[in-house]
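Since the structure comes first, as structure tokens, the remarks are kept for the end.
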Amino acid sequence: MAGAFQILARIDDREVMAALERLRAHTDRMAPVFKVIGESLLRSTRQRFRDQMDPEGRPWQALKPSTVAAKAARGHSGNILRARGHLADTIHYQADNNGMRLGTNRIYGAIHQLGGKTSPHVIRPRTKKALAWPGARHPARSVNHPGSDIPAREYLGFSRQDRDRILEIVTDHWGMGL
């Protein structure tokens, strides 16, 4: 996850943290445990993109009709957060003896995870001399965009199933005598 920005999932569960601390008291080789946990959380996060749901199993807010139309005009699917798959494809984890981090280095990952408003900006044509769209009175050389309200669509997180799976992973590693 090289880059200046990272959005990370956090484990905020006392039972999981206590189980990890008990295991840590008996071994200094925690990296294998954290790697298995990372793989498990990576799978569940990628599944959230396919299911278009947050860690609690709630569907992500639907796209606005104008967004669906714009995506269709560009040949993209109507799937939420999946125009080209770049965000989902950049979810990775890093694990070592000290812990595991799961996240993305995509700068726009944070606004999709947390929600917010984009900054006002000027839109200019990339390959043509002017901009034109259905309903416009005339072509324009540029357009002042006021910014967009982006709803939170949480994809990183810690579900009940993730919690249970991590406890299972810790128990399995404890049984292997690490």
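So you can find residues: chains in the structure tokens are A, B, ... in the order shown, residues in each start at 1, and ligands are numbered from 1 in order.
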
message: as a list of chain:residue names, please: every residue in range 31-96 of chain A that DSSP puts in strand (DSSP E).
response: A:His92, A:Tyr93, A:Gln94, A:Ala95, A:Asp96

Export, as a compact mmCIF listing (two decimals), in the first residue's frame, the selected residues with C-alpha atoms.
# COMPACT_ATOMS: atom_id res chain seq x y z
CA HIS A 92 -4.58 -5.10 -0.12
CA TYR A 93 -3.23 -6.06 3.25
CA GLN A 94 0.18 -5.95 4.90
CA ALA A 95 1.00 -8.27 7.77
CA ASP A 96 4.01 -8.65 10.03

- prompt: Can you list, as a VMD selection string, every residue of range 4-151 of chain A that DSSP puts in helix (DSSP H, G or I)?
  reply: chain A and resid 14 to 24 31 to 51 65 to 73 86 to 89 109 to 114

message: So, with only C-alpha atoms as the atoms that count, which of A:Pro120, A:Pro59, A:Gly78, A:Pro139 lies closest to Ala152 in chain A?
response: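 Residue with the minimum atom-to-atom distance to Ala152 in chain A: A:Pro59.
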
message: From the options A:Leu156, A:Asp89, A:Glu56, A:Gly147, which residue's atoms come nearest to Ala110 in chain A, counting only C-alpha atoms?
response: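 Counting only C-alpha atoms, the residue closest to Ala110 in chain A is A:Leu156.
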
- prompt: Which distance in Å separates CA of Val68 in chain A and CA of Ala130 in chain A, to one decimal?
  reply: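 Those two atoms sit 23.1 Å apart.
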
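Residues within 10 Å of Arg24 in chain A, counting only C-alpha atoms and excluding same-chain residues fewer than 6 positions away, are Ala18, Met30, Asn97, Asn98, Trp174 and Leu178 of chain A.
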
Using only C-alpha atoms, tabulate the residues of range 82-129 of chain A lying at most 10 Å from any atom of range 49-55 of chain A, each with its closest atom pair and that distance in Å to one decimal, by chain and increasing residue number, as a Markdown table.
| residue | atom | partner | partner_atom | distance |
| --- | --- | --- | --- | --- |
| A:Arg82 | CA | A:Phe49 | CA | 7.7 |
| A:Gly85 | CA | A:Phe49 | CA | 9.3 |
| A:Leu87 | CA | A:Phe49 | CA | 9.4 |
| A:Ala88 | CA | A:Phe49 | CA | 6.8 |
| A:Gln113 | CA | A:Asp54 | CA | 9.5 |

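Comparing A:Ile91, A:Ile123, A:Met100, A:Val16 by their smallest distance to Leu42 in chain A, the closest is A:Ile91 (using only C-alpha atoms).
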